[in-house]
Structure formats: C-alpha cells, structure tokens
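Undergrad: For reference, the file structure_35.cif (mmCIF, C-alpha atoms) is included below:
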data_query
loop_
_atom_site.label_atom_id
_atom_site.label_comp_id
_atom_site.auth_asym_id
_atom_site.auth_seq_id
_atom_site.Cartn_x
_atom_site.Cartn_y
_atom_site.Cartn_z
CA MET Z 1 -37.49 4.22 -31.05
CA THR Z 2 -35.03 4.54 -28.19
CA ILE Z 3 -31.56 3.29 -29.03
CA VAL Z 4 -30.52 0.47 -26.69
CA GLN Z 5 -26.83 -0.10 -26.03
CA GLU Z 6 -25.16 -3.29 -24.82
CA ILE Z 7 -22.40 -3.26 -22.19
CA ASP Z 8 -20.36 -5.89 -20.35
CA PRO Z 9 -21.22 -5.66 -16.62
CA LEU Z 10 -17.95 -7.40 -15.71
CA ASP Z 11 -15.86 -4.95 -17.71
CA ASP Z 12 -17.77 -1.66 -17.52
CA PRO Z 13 -17.29 -0.10 -14.04
CA ARG Z 14 -20.47 1.95 -14.44
CA TRP Z 15 -22.60 -1.14 -13.75
CA ALA Z 16 -21.22 -1.70 -10.23
CA VAL Z 17 -21.64 2.00 -9.45
CA PHE Z 18 -25.19 1.98 -10.81
CA ILE Z 19 -26.44 -1.00 -8.80
CA GLU Z 20 -25.03 0.46 -5.59
CA ARG Z 21 -27.55 3.30 -5.84
CA HIS Z 22 -30.56 1.65 -7.47
CA PRO Z 23 -33.26 0.67 -4.92
CA ARG Z 24 -34.31 -2.51 -6.75
CA ALA Z 25 -30.80 -3.88 -7.25
CA THR Z 26 -30.11 -7.26 -5.64
CA VAL Z 27 -27.20 -9.61 -5.29
CA PHE Z 28 -28.34 -11.22 -8.55
CA HIS Z 29 -27.49 -8.02 -10.43
CA SER Z 30 -24.03 -7.83 -8.92
CA PRO Z 31 -20.77 -8.38 -10.82
CA ALA Z 32 -19.93 -10.98 -8.17
CA TRP Z 33 -22.96 -13.14 -9.03
CA LEU Z 34 -22.47 -12.61 -12.77
CA GLY Z 35 -18.80 -13.46 -12.50
CA ALA Z 36 -19.58 -16.70 -10.67
CA LEU Z 37 -22.06 -17.63 -13.42
CA ARG Z 38 -19.37 -17.08 -16.05
CA ASP Z 39 -16.63 -18.84 -14.06
CA THR Z 40 -18.70 -21.95 -13.36
CA TYR Z 41 -21.02 -22.35 -16.34
CA GLY Z 42 -19.43 -20.27 -19.09
CA TYR Z 43 -22.49 -18.01 -19.45
CA GLU Z 44 -21.95 -14.62 -21.12
CA PRO Z 45 -23.49 -11.77 -19.08
CA PHE Z 46 -24.56 -8.54 -20.76
CA VAL Z 47 -26.58 -5.46 -19.87
CA LEU Z 48 -29.02 -3.63 -22.13
CA THR Z 49 -29.30 0.09 -21.38
CA THR Z 50 -30.68 3.23 -23.00
CA THR Z 51 -27.70 5.22 -21.70
CA ALA Z 52 -25.37 6.20 -24.55
CA GLN Z 53 -22.55 7.53 -22.38
CA GLY Z 54 -21.87 8.74 -18.87
CA PRO Z 55 -23.42 7.29 -15.69
CA LEU Z 56 -26.06 4.63 -16.35
CA ASP Z 57 -29.73 5.55 -16.04
CA ASP Z 58 -31.15 2.04 -16.46
CA GLY Z 59 -30.21 -1.53 -17.26
CA LEU Z 60 -31.52 -5.04 -17.87
CA VAL Z 61 -28.99 -7.76 -17.15
CA ALA Z 62 -29.15 -11.14 -18.86
CA CYS Z 63 -26.91 -14.03 -19.90
CA ARG Z 64 -26.34 -15.90 -23.11
CA VAL Z 65 -26.74 -19.58 -22.28
CA ARG Z 66 -25.06 -21.26 -25.20
CA THR Z 67 -24.34 -25.00 -25.14
CA TRP Z 68 -24.80 -27.86 -27.58
CA TRP Z 69 -28.22 -28.45 -26.01
CA ALA Z 70 -29.37 -24.93 -25.07
CA LYS Z 71 -29.36 -21.58 -26.83
CA ARG Z 72 -31.31 -19.12 -24.71
CA LEU Z 73 -31.21 -15.59 -23.35
CA VAL Z 74 -32.02 -15.65 -19.65
CA ALA Z 75 -32.53 -12.75 -17.25
CA LEU Z 76 -31.10 -14.28 -15.15
CA PRO Z 77 -29.82 -17.90 -14.79
CA PHE Z 78 -30.01 -19.54 -11.34
CA SER Z 79 -31.44 -16.30 -9.94
CA ASP Z 80 -34.71 -16.38 -8.01
CA HIS Z 81 -35.69 -13.02 -9.48
CA CYS Z 82 -34.10 -10.21 -11.46
CA ASP Z 83 -35.91 -6.95 -12.18
CA PRO Z 84 -34.84 -4.55 -14.90
CA LEU Z 85 -33.36 -1.55 -13.08
CA VAL Z 86 -35.35 1.41 -14.35
CA SER Z 87 -37.16 4.46 -13.03
CA ARG Z 88 -40.17 4.24 -15.38
CA ASP Z 89 -42.32 1.36 -16.62
CA GLU Z 90 -41.79 2.60 -20.18
CA ASP Z 91 -38.06 2.03 -19.85
CA ALA Z 92 -38.64 -1.58 -18.77
CA GLU Z 93 -40.83 -2.13 -21.83
CA GLU Z 94 -38.06 -0.77 -24.08
CA LEU Z 95 -35.45 -3.05 -22.55
CA TYR Z 96 -37.64 -6.16 -22.70
CA ALA Z 97 -38.43 -5.35 -26.34
CA ALA Z 98 -34.70 -5.07 -27.05
CA LEU Z 99 -34.06 -8.44 -25.40
CA ARG Z 100 -36.78 -10.00 -27.53
CA ARG Z 101 -35.27 -8.46 -30.70
CA ARG Z 102 -31.90 -9.95 -29.84
CA MET Z 103 -33.54 -13.34 -29.40
CA GLU Z 104 -35.22 -13.11 -32.81
CA GLU Z 105 -32.21 -11.69 -34.66
CA GLY Z 106 -29.80 -14.19 -33.14
CA GLN Z 107 -32.17 -17.13 -33.58
CA TRP Z 108 -32.08 -17.98 -29.88
CA ARG Z 109 -34.63 -20.58 -28.84
CA SER Z 110 -36.15 -18.37 -26.15
CA ALA Z 111 -35.75 -15.35 -23.97
CA GLU Z 112 -36.71 -15.68 -20.30
CA ALA Z 113 -37.40 -12.97 -17.73
CA ARG Z 114 -37.74 -13.33 -13.97
CA PRO Z 115 -39.12 -9.99 -12.74
CA LEU Z 116 -40.04 -9.50 -9.10
CA THR Z 117 -41.82 -6.14 -9.14
CA MET Z 118 -41.65 -4.77 -12.70
CA ALA Z 119 -44.35 -5.66 -15.22
CA CYS Z 120 -43.43 -7.78 -18.22
CA GLY Z 121 -46.00 -8.37 -20.93
CA TRP Z 122 -44.54 -11.67 -22.09
CA PRO Z 123 -46.52 -14.90 -21.65
CA ALA Z 124 -46.34 -16.48 -18.20
CA ALA Z 125 -43.99 -19.45 -18.01
CA ALA Z 126 -44.32 -20.60 -14.39
CA SER Z 127 -45.37 -19.28 -11.01
CA TYR Z 128 -43.88 -19.75 -7.54
CA ALA Z 129 -44.26 -18.62 -3.97
CA ILE Z 130 -41.65 -16.16 -2.74
CA HIS Z 131 -41.13 -15.14 0.87
CA ALA Z 132 -39.49 -12.17 2.57
CA LEU Z 133 -39.10 -11.49 6.29
CA ASP Z 134 -39.13 -7.94 7.65
CA LEU Z 135 -36.09 -7.48 9.88
CA ALA Z 136 -36.77 -3.82 10.69
CA ARG Z 137 -38.63 -4.81 13.87
CA PRO Z 138 -37.50 -5.61 17.40
CA LEU Z 139 -36.14 -9.13 17.72
CA ASP Z 140 -38.76 -10.11 20.26
CA ARG Z 141 -41.50 -9.23 17.77
CA ILE Z 142 -39.78 -11.26 15.05
CA PHE Z 143 -39.51 -14.25 17.39
CA ALA Z 144 -43.14 -13.85 18.46
CA GLY Z 145 -44.11 -14.04 14.78
CA PHE Z 146 -42.68 -17.55 14.48
CA HIS Z 147 -45.09 -20.48 14.55
CA ALA Z 148 -45.47 -21.57 18.16
CA SER Z 149 -44.91 -25.29 17.74
CA SER Z 150 -43.04 -25.90 14.50
CA THR Z 151 -40.57 -23.02 14.87
CA ARG Z 152 -40.34 -21.58 18.39
CA ARG Z 153 -40.54 -24.99 20.02
CA ALA Z 154 -37.98 -26.37 17.56
CA ILE Z 155 -35.54 -23.56 18.40
CA ARG Z 156 -35.91 -24.23 22.12
CA ARG Z 157 -35.37 -27.95 21.48
CA ALA Z 158 -32.18 -27.14 19.57
CA GLU Z 159 -30.95 -25.00 22.45
CA ARG Z 160 -31.67 -27.79 24.95
CA GLU Z 161 -29.78 -30.18 22.70
CA ALA Z 162 -26.82 -27.78 22.84
CA LEU Z 163 -26.50 -27.46 19.09
CA SER Z 164 -23.48 -25.40 18.11
CA TYR Z 165 -23.31 -22.78 15.38
CA GLU Z 166 -20.46 -21.93 13.03
CA SER Z 167 -20.29 -19.53 10.09
CA GLY Z 168 -17.71 -18.48 7.53
CA ARG Z 169 -16.59 -19.04 3.96
CA SER Z 170 -13.68 -21.45 4.24
CA ASP Z 171 -13.33 -24.34 1.83
CA ALA Z 172 -13.84 -26.71 4.76
CA LEU Z 173 -17.22 -25.13 5.55
CA ILE Z 174 -18.20 -25.21 1.88
CA ALA Z 175 -17.36 -28.93 1.79
CA THR Z 176 -19.44 -29.52 4.94
CA PHE Z 177 -22.38 -27.67 3.42
CA PHE Z 178 -22.00 -29.55 0.14
CA GLY Z 179 -22.16 -32.90 1.89
CA LEU Z 180 -25.48 -31.94 3.48
CA LEU Z 181 -26.77 -30.49 0.20
CA ARG Z 182 -25.97 -33.81 -1.49
CA LEU Z 183 -28.02 -35.67 1.13
CA THR Z 184 -30.97 -33.35 0.57
CA ARG Z 185 -30.81 -33.51 -3.20
CA ARG Z 186 -30.56 -37.28 -3.09
CA ARG Z 187 -33.79 -37.36 -1.04
CA HIS Z 188 -35.47 -35.32 -3.78
CA GLY Z 189 -33.96 -37.24 -6.68
CA VAL Z 190 -32.10 -34.18 -8.01
CA PRO Z 191 -28.28 -33.91 -8.24
CA PRO Z 192 -26.51 -31.05 -6.45
CA GLN Z 193 -25.05 -28.03 -8.17
CA PRO Z 194 -21.31 -28.49 -8.71
CA ILE Z 195 -19.19 -27.61 -5.70
CA ALA Z 196 -17.23 -25.33 -8.06
CA TRP Z 197 -20.32 -23.07 -8.12
CA PHE Z 198 -20.18 -22.50 -4.37
CA ARG Z 199 -16.43 -21.97 -4.45
CA ALA Z 200 -16.88 -19.41 -7.22
CA LEU Z 201 -19.53 -17.59 -5.17
CA ALA Z 202 -17.23 -17.56 -2.14
CA ARG Z 203 -14.36 -16.22 -4.22
CA ARG Z 204 -16.39 -13.60 -6.07
CA CYS Z 205 -18.71 -12.47 -3.26
CA ALA Z 206 -16.05 -12.55 -0.52
CA ASP Z 207 -17.57 -11.57 2.84
CA ALA Z 208 -21.05 -11.27 1.32
CA PHE Z 209 -21.10 -15.08 1.01
CA THR Z 210 -21.58 -17.06 4.22
CA VAL Z 211 -22.02 -20.72 5.07
CA HIS Z 212 -23.90 -21.34 8.33
CA VAL Z 213 -23.63 -24.78 9.96
CA ALA Z 214 -25.45 -26.35 12.92
CA ARG Z 215 -23.74 -29.26 14.70
CA LYS Z 216 -24.71 -31.79 17.32
CA ALA Z 217 -21.72 -33.07 19.31
CA GLY Z 218 -19.45 -31.91 16.49
CA ARG Z 219 -21.46 -33.57 13.72
CA ALA Z 220 -22.90 -31.27 11.04
CA ILE Z 221 -26.66 -31.76 10.82
CA ALA Z 222 -27.87 -28.68 8.87
CA ALA Z 223 -26.32 -25.92 6.78
CA ILE Z 224 -27.44 -22.96 4.70
CA VAL Z 225 -25.81 -20.44 2.38
CA THR Z 226 -26.67 -16.74 2.49
CA LEU Z 227 -25.68 -13.83 0.28
CA ARG Z 228 -25.68 -10.22 1.45
CA PHE Z 229 -26.31 -7.15 -0.69
CA ALA Z 230 -27.07 -3.65 0.58
CA ARG Z 231 -29.71 -4.02 3.33
CA THR Z 232 -30.89 -7.47 2.26
CA LEU Z 233 -29.75 -10.95 3.20
CA VAL Z 234 -30.70 -13.69 0.73
CA TYR Z 235 -31.16 -17.31 1.78
CA LYS Z 236 -30.13 -19.23 -1.33
CA TYR Z 237 -29.28 -22.87 -0.54
CA GLY Z 238 -29.78 -25.35 2.28
CA GLY Z 239 -29.09 -28.95 3.17
CA SER Z 240 -29.67 -31.19 6.15
CA ASP Z 241 -29.33 -34.71 7.51
CA ALA Z 242 -32.87 -36.08 7.78
CA ARG Z 243 -31.85 -38.41 10.62
CA HIS Z 244 -31.49 -35.37 12.88
CA HIS Z 245 -34.44 -33.24 11.82
CA ALA Z 246 -36.11 -33.68 15.21
CA LEU Z 247 -33.26 -31.68 16.79
CA GLY Z 248 -34.47 -28.47 15.14
CA GLY Z 249 -31.28 -27.70 13.24
CA MET Z 250 -32.85 -25.66 10.46
CA PRO Z 251 -35.07 -23.41 12.65
CA PHE Z 252 -32.07 -22.96 14.96
CA LEU Z 253 -29.88 -21.87 12.03
CA PHE Z 254 -32.42 -19.40 10.69
CA TRP Z 255 -32.87 -17.87 14.14
CA ARG Z 256 -29.11 -17.39 14.48
CA VAL Z 257 -28.94 -15.86 11.00
CA ILE Z 258 -31.86 -13.55 11.76
CA GLN Z 259 -30.27 -12.42 15.01
CA GLN Z 260 -26.97 -11.59 13.30
CA ALA Z 261 -28.66 -9.84 10.35
CA HIS Z 262 -30.72 -7.77 12.76
CA ALA Z 263 -27.60 -6.80 14.71
CA ASP Z 264 -25.94 -5.77 11.43
CA GLY Z 265 -28.82 -3.42 10.63
CA LEU Z 266 -30.20 -5.38 7.69
CA GLU Z 267 -33.83 -4.76 6.78
CA THR Z 268 -34.98 -7.83 4.83
CA LEU Z 269 -34.35 -11.56 4.76
CA ASP Z 270 -35.19 -12.76 1.26
CA LEU Z 271 -36.14 -16.42 1.71
CA GLY Z 272 -36.29 -17.09 -2.03
CA ARG Z 273 -38.80 -18.89 -4.16
CA SER Z 274 -40.55 -22.21 -3.65
CA ASN Z 275 -42.35 -24.43 -6.12
CA LEU Z 276 -46.08 -24.30 -5.53
CA ASP Z 277 -46.12 -28.09 -5.16
CA GLN Z 278 -43.66 -27.93 -2.24
CA PRO Z 279 -46.09 -27.34 0.65
CA GLY Z 280 -43.53 -28.36 3.27
CA LEU Z 281 -41.02 -25.73 2.17
CA ILE Z 282 -43.70 -23.08 1.83
CA ALA Z 283 -45.03 -23.90 5.31
CA PHE Z 284 -41.51 -23.67 6.79
CA LYS Z 285 -41.12 -20.14 5.42
CA ASP Z 286 -44.66 -19.20 6.44
CA HIS Z 287 -43.87 -20.39 9.97
CA LEU Z 288 -40.93 -17.97 10.14
CA GLY Z 289 -43.50 -15.18 9.87
CA ALA Z 290 -42.42 -14.25 6.34
CA GLU Z 291 -44.71 -12.50 3.88
CA GLN Z 292 -45.67 -14.70 0.95
CA ARG Z 293 -46.42 -13.47 -2.55
CA VAL Z 294 -46.63 -14.92 -6.07
CA LEU Z 295 -43.60 -14.74 -8.37
CA THR Z 296 -44.26 -15.31 -12.09
CA TYR Z 297 -41.56 -15.95 -14.67
CA ARG Z 298 -42.09 -14.89 -18.29
CA ALA Z 299 -40.83 -16.24 -21.60
CA MET Z 300 -40.72 -15.41 -25.33
CA PRO Z 301 -41.71 -17.19 -27.45
CA GLY Z 302 -44.57 -18.65 -25.47
CA MET Z 303 -42.89 -21.98 -24.77
CA ARG Z 304 -42.71 -23.21 -21.20
CA ALA Z 305 -39.47 -21.88 -19.73
CA MET Z 306 -38.38 -23.72 -16.64
CA PRO Z 307 -36.46 -21.45 -14.27
CA ASN Z 308 -33.55 -23.71 -13.48
CA ALA Z 309 -32.20 -27.22 -13.47
CA GLU Z 310 -33.93 -28.30 -10.27
CA CYS Z 311 -37.37 -27.51 -11.66
CA ARG Z 312 -36.72 -29.23 -14.97
CA MET Z 313 -35.59 -32.37 -13.20
CA MET Z 314 -38.47 -32.18 -10.74
CA GLU Z 315 -40.84 -31.98 -13.71
CA ALA Z 316 -39.24 -35.16 -15.03
CA GLN Z 317 -39.56 -36.96 -11.71
CA ARG Z 318 -43.27 -36.07 -11.58
CA ALA Z 319 -43.92 -37.34 -15.10
CA PRO Z 320 -46.31 -40.32 -14.90
CA ASN Z 321 -44.25 -42.73 -16.93
CA LEU Z 322 -42.06 -45.65 -16.11
CA LEU Z 323 -39.01 -44.21 -17.87
CA ALA Z 324 -38.96 -41.08 -15.70
CA ARG Z 325 -39.39 -43.09 -12.51
CA ALA Z 326 -36.67 -45.50 -13.54
CA ALA Z 327 -34.28 -42.64 -14.34
CA ARG Z 328 -34.89 -41.07 -10.93
CA ALA Z 329 -34.44 -44.39 -9.14
CA THR Z 330 -31.13 -44.91 -10.93
CA LEU Z 331 -29.95 -41.37 -10.18
CA VAL Z 332 -30.50 -41.55 -6.43
CA ARG Z 333 -28.61 -44.86 -6.21
CA LEU Z 334 -25.46 -43.55 -7.86
CA PRO Z 335 -22.35 -43.39 -5.67
CA ASP Z 336 -21.42 -39.87 -4.57
CA PRO Z 337 -18.78 -39.21 -7.27
CA LEU Z 338 -21.19 -40.15 -10.08
CA PHE Z 339 -24.10 -38.35 -8.41
CA ASP Z 340 -21.98 -35.18 -8.25
CA LEU Z 341 -20.81 -35.69 -11.83
CA SER Z 342 -24.41 -35.78 -13.04
CA GLY Z 343 -24.90 -32.33 -11.54
CA ARG Z 344 -21.76 -30.99 -13.19
CA LEU Z 345 -22.96 -32.32 -16.54
CA VAL Z 346 -26.55 -31.06 -16.53
CA TYR Z 347 -26.63 -27.71 -14.74
CA ARG Z 348 -24.64 -25.84 -17.37
CA HIS Z 349 -27.29 -26.66 -19.98
CA LEU Z 350 -30.29 -25.87 -17.80
CA GLY Z 351 -29.53 -22.49 -16.24
#
Just give me the structure as structure tokens.

TA:
Amino acid sequence: MTIVQEIDPLDDPRWAVFIERHPRATVFHSPAWLGALRDTYGYEPFVLTTTAQGPLDDGLVACRVRTWWAKRLVALPFSDHCDPLVSRDEDAEELYAALRRRMEEGQWRSAEARPLTMACGWPAAASYAIHALDLARPLDRIFAGFHASSTRRAIRRAEREALSYESGRSDALIATFFGLLRLTRRRHGVPPQPIAWFRALARRCADAFTVHVARKAGRAIAAIVTLRFARTLVYKYGGSDARHHALGGMPFLFWRVIQQAHADGLETLDLGRSNLDQPGLIAFKDHLGAEQRVLTYRAMPGMRAMPNAECRMMEAQRAPNLLARAARATLVRLPDPLFDLSGRLVYRHLG
C-alpha cells in the first residue's frame, strides 16, 4: 500500500507551488480560499499526498468541519467542485481511500468529495448542473452565442437605460453587494453567508477577488462576485433587486465581465453549479451560451451529503410539512440584523 502523508496547505509552501503548475487546479485549491475558510468558519484544511519529500506529485485537499453539530471531512466546503490533483486515476483512488480511512479511524460522521473530472467510486450524494463558457473565441462570436431575446436584448436594454458599471474590492463595494445578496436570499427563504466571509475572501485573494456592480442613476440594482485563478474566472455569488430586473442588470454585468476577462486573455468563465430544480438559473446560464454538464457529489458512508448550507435549507423549505413552511415564513420576515445573524449561526455547521 502506498504511504499517504498529510501536510498543511497553509503552512507548507510546496502546495502553492504545486497548484500553480497543475492543470486541474482551481481557485478552490488555493491557499487563499483555504485561508478564508479557516478565518471565517474555523475549518482545518489539510492535504493528503503520496509525496514523502521534495516537490509534490499529487494532493487531495479537504477540511475538517468540526462543530458541536457537525463532524465531517469535506473536500471541499463551500466549493462548487474540487478534484484531487493527480496524474493517474490510481493515485486518486489511493487518496480517496486514505480520506475514507481517516473518516473511519477518527469516527467522523462522513467524508464528502466534490470531484469535477476525476472518478470517485463512493456512492452518489447529489447531482447538479454546472456551466462553463469558452472565452477563447472572438467576442463577436461569444455575443452571438447569447440567447437573442433573454440575453442580447436585455443587454441592449441595459445600455439604453444607461446602466453604469463599477468593479473593485473595497469594503464599500462588498457592503453594496451584500445588501443585494440579502435581498436575493430573502426572496429564496435562505439567509446570506456572513459578510465576514466576503471580507476574508477579499483579504486573502487580493486582486483575484472582484465585486462587480450595475447601477441605475446611482442606485445599485445587481452585483456579482468573481474569483480569478490561472486562466479561469469563476462566478461565485450574485444578488439583485427584483424591482429592477426588467432593466437587464444581470445580463449587462455578465457581458461586462466577459469583455474584461476576454481582454485579459482568460480562457474559461466557470459559471458554477445550479440545483437541478432551479430551472430559471439553469436557463440564464444556458442563455449565455455556456456548456452544461452534470456534476455529482460523492459521500462515505452512503448517507445523503448536502453540498452546502443553501442546499440544506432549500431542502427544508421544500419539505411538505407545516413546520418547515412556518420556519421559512418566520425567517424571511426577520429584520436585517437577525436575518444576517441566522446566516452567521448556521453556515459554520453546514459547510
């Protein structure tokens, strides 16, 4: 049996060097993302590798999620996907087996994996749609690939309405984004992630973290957060004011982001995952001309492993019982401070 070592990706400089050269590495593997997880939620990141010494040859990154309510190994919390970084399928099998052994030896309740391209033989936990847009094409071809009415027409409407665009990572922009995220989460009956999470990402990721805001006559109507790593831009979070949806703020923002990413020589816009019962969100990404595929999360033991707090709470809101409906109705009526507090309380346990 191959000996598997454990290293700290925030302390061992070999990890940052390794992910810079591995073709499947993403922002979710980065020390910046892992550091933000630790800063905000107290998770303990670790990497399993078959490399005894010298430059790393492989690695599977995961976190210990340890609270009074949860005791799980997750690869990786709040991350849409996270492949083991290997050169052979056999190496991935070794690393997943080592993660499972650590779960069993440490009496963790579960181990969860969120692979994008690498096979994992664990039982399926949940499946999602994931979208990616090819940016390595002329801009006119990208624009021509947008849906004629729902996307191209919306962008032209936004331009006629003279929407303005602003981007950056200041605390003021984060606060603007957070206000719109709160509106969106309230519509869905799910509290927002704590604002400390976005501040930690801005601090850790530096220029790779960007808030993009669309305004009408100075009023913020839509905002998104992107993360950049290597040749990929990841759309991670978004929020909007539903009263102004007809102005085309979101399509306008994505078009501006795509234009800038194309100018910067990026090759892919990762639009992230969508729940299969969110046809509106899936259609929006389809209408950007993005390629859709199925993303399946895995878990050991074979219990259902929800990928993050939003999905767990959305499961609760769909439950056909009066208690769940009453809880959701109460949640969405909370004043902003209490609504935000509910997010700060629950997300740490549900990563």

Undergrad: Which protein, DNA or RNA residues have an atom at most 12 Å from (-39.8, -1.5, -19.3), counting all atoms listed in the file? List them as a ChimeraX atom specification.

TA: /Z:2,48-50,58-60,83-99,113,115,117-122

Undergrad: Please determine, counting only C-alpha atoms, which residue among Z:Leu56, Z:Leu76, Z:Leu34, Z:Val225 has the shortest atom-to-atom distance to Ile19 (chain Z).

TA: Z:Leu56

Undergrad: Just give me the gap between CA of Glu20 (chain Z) and CA of Leu233 (chain Z) in Å, one decimal is fine.

TA: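 Those two atoms sit 15.2 Å apart.
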
Undergrad: When the PyMOL selection byres ((chain Z and resi 18) around 12) is applied to the file above, which residues end up in the set, as a PyMOL selection string?

TA: chain Z and resi 9+12-17+19-26+29-31+47+49+51+54-60+85-86

Undergrad: Quick one: pull the distance between CA of Arg182 (chain Z) and CA of Val213 (chain Z), Å, one decimal.

TA: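 Rounded to one decimal, the two atoms are 14.8 Å apart.
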
Undergrad: Here is a test: counting all atoms listed in the file, which residue of Z:Arg114, Z:Val74, Z:Tyr347, Z:Gly238 is nearest to Arg100 (chain Z)?

TA: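 So, comparing all the options, the nearest one is Z:Val74.
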
Undergrad: Can you spell out as a PyMOL selection string the set of residues that the PyMOL selection byres ((chain Z and resi 131-135) around 12) selects in the structure I just provided?

TA: chain Z and resi 80-81+116+128-130+136-143+145-146+231-236+254-255+257-275+281-295

Undergrad: Once you have the residues from the selection above, write them out as an mmCIF file, keeping the file's coordinate frame, restricted to C-alpha atoms.

TA:
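Final file, part.cif:
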data_model
loop_
_atom_site.group_PDB
_atom_site.id
_atom_site.type_symbol
_atom_site.label_atom_id
_atom_site.label_comp_id
_atom_site.auth_asym_id
_atom_site.auth_seq_id
_atom_site.Cartn_x
_atom_site.Cartn_y
_atom_site.Cartn_z
ATOM 1 C CA ASP Z 80 -34.710 -16.380 -8.010
ATOM 2 C CA HIS Z 81 -35.690 -13.020 -9.480
ATOM 3 C CA LEU Z 116 -40.040 -9.500 -9.100
ATOM 4 C CA TYR Z 128 -43.880 -19.750 -7.540
ATOM 5 C CA ALA Z 129 -44.260 -18.620 -3.970
ATOM 6 C CA ILE Z 130 -41.650 -16.160 -2.740
ATOM 7 C CA ALA Z 136 -36.770 -3.820 10.690
ATOM 8 C CA ARG Z 137 -38.630 -4.810 13.870
ATOM 9 C CA PRO Z 138 -37.500 -5.610 17.400
ATOM 10 C CA LEU Z 139 -36.140 -9.130 17.720
ATOM 11 C CA ASP Z 140 -38.760 -10.110 20.260
ATOM 12 C CA ARG Z 141 -41.500 -9.230 17.770
ATOM 13 C CA ILE Z 142 -39.780 -11.260 15.050
ATOM 14 C CA PHE Z 143 -39.510 -14.250 17.390
ATOM 15 C CA GLY Z 145 -44.110 -14.040 14.780
ATOM 16 C CA PHE Z 146 -42.680 -17.550 14.480
ATOM 17 C CA ARG Z 231 -29.710 -4.020 3.330
ATOM 18 C CA THR Z 232 -30.890 -7.470 2.260
ATOM 19 C CA LEU Z 233 -29.750 -10.950 3.200
ATOM 20 C CA VAL Z 234 -30.700 -13.690 0.730
ATOM 21 C CA TYR Z 235 -31.160 -17.310 1.780
ATOM 22 C CA LYS Z 236 -30.130 -19.230 -1.330
ATOM 23 C CA PHE Z 254 -32.420 -19.400 10.690
ATOM 24 C CA TRP Z 255 -32.870 -17.870 14.140
ATOM 25 C CA VAL Z 257 -28.940 -15.860 11.000
ATOM 26 C CA ILE Z 258 -31.860 -13.550 11.760
ATOM 27 C CA GLN Z 259 -30.270 -12.420 15.010
ATOM 28 C CA GLN Z 260 -26.970 -11.590 13.300
ATOM 29 C CA ALA Z 261 -28.660 -9.840 10.350
ATOM 30 C CA HIS Z 262 -30.720 -7.770 12.760
ATOM 31 C CA ALA Z 263 -27.600 -6.800 14.710
ATOM 32 C CA ASP Z 264 -25.940 -5.770 11.430
ATOM 33 C CA GLY Z 265 -28.820 -3.420 10.630
ATOM 34 C CA LEU Z 266 -30.200 -5.380 7.690
ATOM 35 C CA GLU Z 267 -33.830 -4.760 6.780
ATOM 36 C CA THR Z 268 -34.980 -7.830 4.830
ATOM 37 C CA LEU Z 269 -34.350 -11.560 4.760
ATOM 38 C CA ASP Z 270 -35.190 -12.760 1.260
ATOM 39 C CA LEU Z 271 -36.140 -16.420 1.710
ATOM 40 C CA GLY Z 272 -36.290 -17.090 -2.030
ATOM 41 C CA ARG Z 273 -38.800 -18.890 -4.160
ATOM 42 C CA SER Z 274 -40.550 -22.210 -3.650
ATOM 43 C CA ASN Z 275 -42.350 -24.430 -6.120
ATOM 44 C CA LEU Z 281 -41.020 -25.730 2.170
ATOM 45 C CA ILE Z 282 -43.700 -23.080 1.830
ATOM 46 C CA ALA Z 283 -45.030 -23.900 5.310
ATOM 47 C CA PHE Z 284 -41.510 -23.670 6.790
ATOM 48 C CA LYS Z 285 -41.120 -20.140 5.420
ATOM 49 C CA ASP Z 286 -44.660 -19.200 6.440
ATOM 50 C CA HIS Z 287 -43.870 -20.390 9.970
ATOM 51 C CA LEU Z 288 -40.930 -17.970 10.140
ATOM 52 C CA GLY Z 289 -43.500 -15.180 9.870
ATOM 53 C CA ALA Z 290 -42.420 -14.250 6.340
ATOM 54 C CA GLU Z 291 -44.710 -12.500 3.880
ATOM 55 C CA GLN Z 292 -45.670 -14.700 0.950
ATOM 56 C CA ARG Z 293 -46.420 -13.470 -2.550
ATOM 57 C CA VAL Z 294 -46.630 -14.920 -6.070
ATOM 58 C CA LEU Z 295 -43.600 -14.740 -8.370
#

Undergrad: Just how far from CA of Arg344 (chain Z) is CA of Asp8 (chain Z), in Å to one decimal?

TA: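 Computing it gives 26.1 Å between the two atoms.
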
Undergrad: Skipping near chain neighbours, those fewer than 4 positions away, what residues fall within 10 Å of Leu247 (chain Z) using only C-alpha atoms, listed as a ChimeraX atom specification?

TA: /Z:154-163,216,221,243,251-252

Undergrad: Nearest to Leu350 (chain Z): which of Z:Phe229, Z:Phe178, Z:Trp68, Z:Phe46 is it, counting all atoms listed in the file?

TA: Z:Trp68
